[in-house]
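Working notes, structure below.
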Amino acid sequence: MLFCEDVELMLQDYLDGYLLPSQREVLEGHLRGCQNCGALLGGLTSLNGRLEGFGDVEVPTGLSQSILKSLPAQGYSPPPLRRWLVGGVVPVLAVVVIAAGFLFTGRFELHNQVASRVVDLFVSAPQAASVAVVGDFNGWDPQRTRMIRSNHEGRWTARLKLPPGVHQYSFVIDGSTWVPDPGAKSTLPDGFGGLNSVIIIDS
Amino acid sequence: MANGRAFAALVLVVGVVFCASSQVPAASRGGNRELEKVLKSGRFGESQAAQIERAFKVAVDAGVENRDALALVETGIDGEFAADLVVRTLTVAAQLSLEGLPTELFVSKVKEGVSKRMEPGRIVQAAEFRALKLKQASNLFKHAVLEGVSPRDREELLPDIAEALASGMDEGRIREIFLEAVKDGDSTGAIRRKLFP
């Protein structure tokens, strides 16, 4: 079962060819029956077509040289008001904004831009009406990462972006049954009498 | 001249605001408003709420991230923890922070327990067990650094060592893994794969 909001998130990946065959199949099934999503796909496809229609522009040889030659010999000097704005007001405004942010949030947050990896998870649950993947990466919240039923045999899939490290996770079937991933290489006792699956993402 | 004076005045005002803001503990600014909102959603009496507020402030002053401390209170409310259990989780987080240990594993275990609808006492016990293992992991890592493991990997590896210990791996095996890592030049990923075979 796929909802329109899920489709909206998946459409660009669909057009870019990033979906798994099973996900594509489910998505196309939804598109066949949903006029709104079909129209959205049509809009995106035509936008893509128009963007591709622009084509590449060849830069004429010697363009940079001719620009450099046409510049005045003396260095460019902005008018005094602009100099004052750039040299004084802009940095001060930047400081004010940072200080205000600090004042309102109580801290600066500098997020590390660590390279995440895309991971595909699968589980077979033919009788399930819903399956979610939960783990330390989504606060163990079953509402946050719903899996998509990808075929009639009851195979459910989810694509995650995980940062490097060791992640523990589990599947939640129909909101109440927790099962470890049968395909996981490693499991750990969860401290509550059950098991969590382990996935290691290399940096 | 007038421009120069205006500029100096502006810098002075910004400086004063900036210094003043850094003197006020986070818990008594935005954090407290959010905490009040969270506490209102719970069913704590006035004195219990005050107890939690005090523990929250102590935790934030000890270096626990505001969002982690708030998450502990929110999760405690979701899991129907008694006020003293919420205070206990905040106190453990404060202790970890004071010892320079990461709090994420502890907070995550509390969230996991609530999500799995475990009994509150059992959740706190499981999370405290992880906190204990973090301390043990920290001692092990100190020895590993003396053997040649890079101290830069501490923050990344401590929760993993703690989980390996919690799952029953013995200290001797972990020491061996570190010795092998130094000898073979293992990456962090290779160490992790040995911790979770």
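Residue numbering restarts at 1 for every chain of the structure tokens, chains are lettered A, B, ... in their displayed order, and ligands are numbered from 1 as they appear.
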Assign secondary structure with DSSP using the backbone only, and return the residues of chain B in alpha helix (DSSP H) as a PyMOL selection string. chain B and resi 2-23+30-41+46-61+66-78+83-98+104-115+120-147+154-166+171-184+188-195
So that I can see what lies close to B:Val182, please list as an MDAnalysis selection string the residues with an atom at most 8 Å from it, counting only C-alpha atoms and leaving out residues fewer than 3 positions away in the same chain. chainID B and resid 147:149 178:179 185:186
What's the 9 Å shell around A:Leu2, counting only C-alpha atoms, without same-chain residues fewer than 2 positions away, as a PyMOL selection string? chain A and resi 4-7+26-27+30+148-149
Contact set, chain A to chain B: 10 Å, only C-alpha atoms, as a PyMOL selection string: chain A and resi 84+88-89+92-93+95-100+102-107+134-142+164-167+169+172+176-178+185-192+194+198-203
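Interatomic distance, atom CA of B:Leu132 against atom CA of B:Arg173: 18.6 Å.
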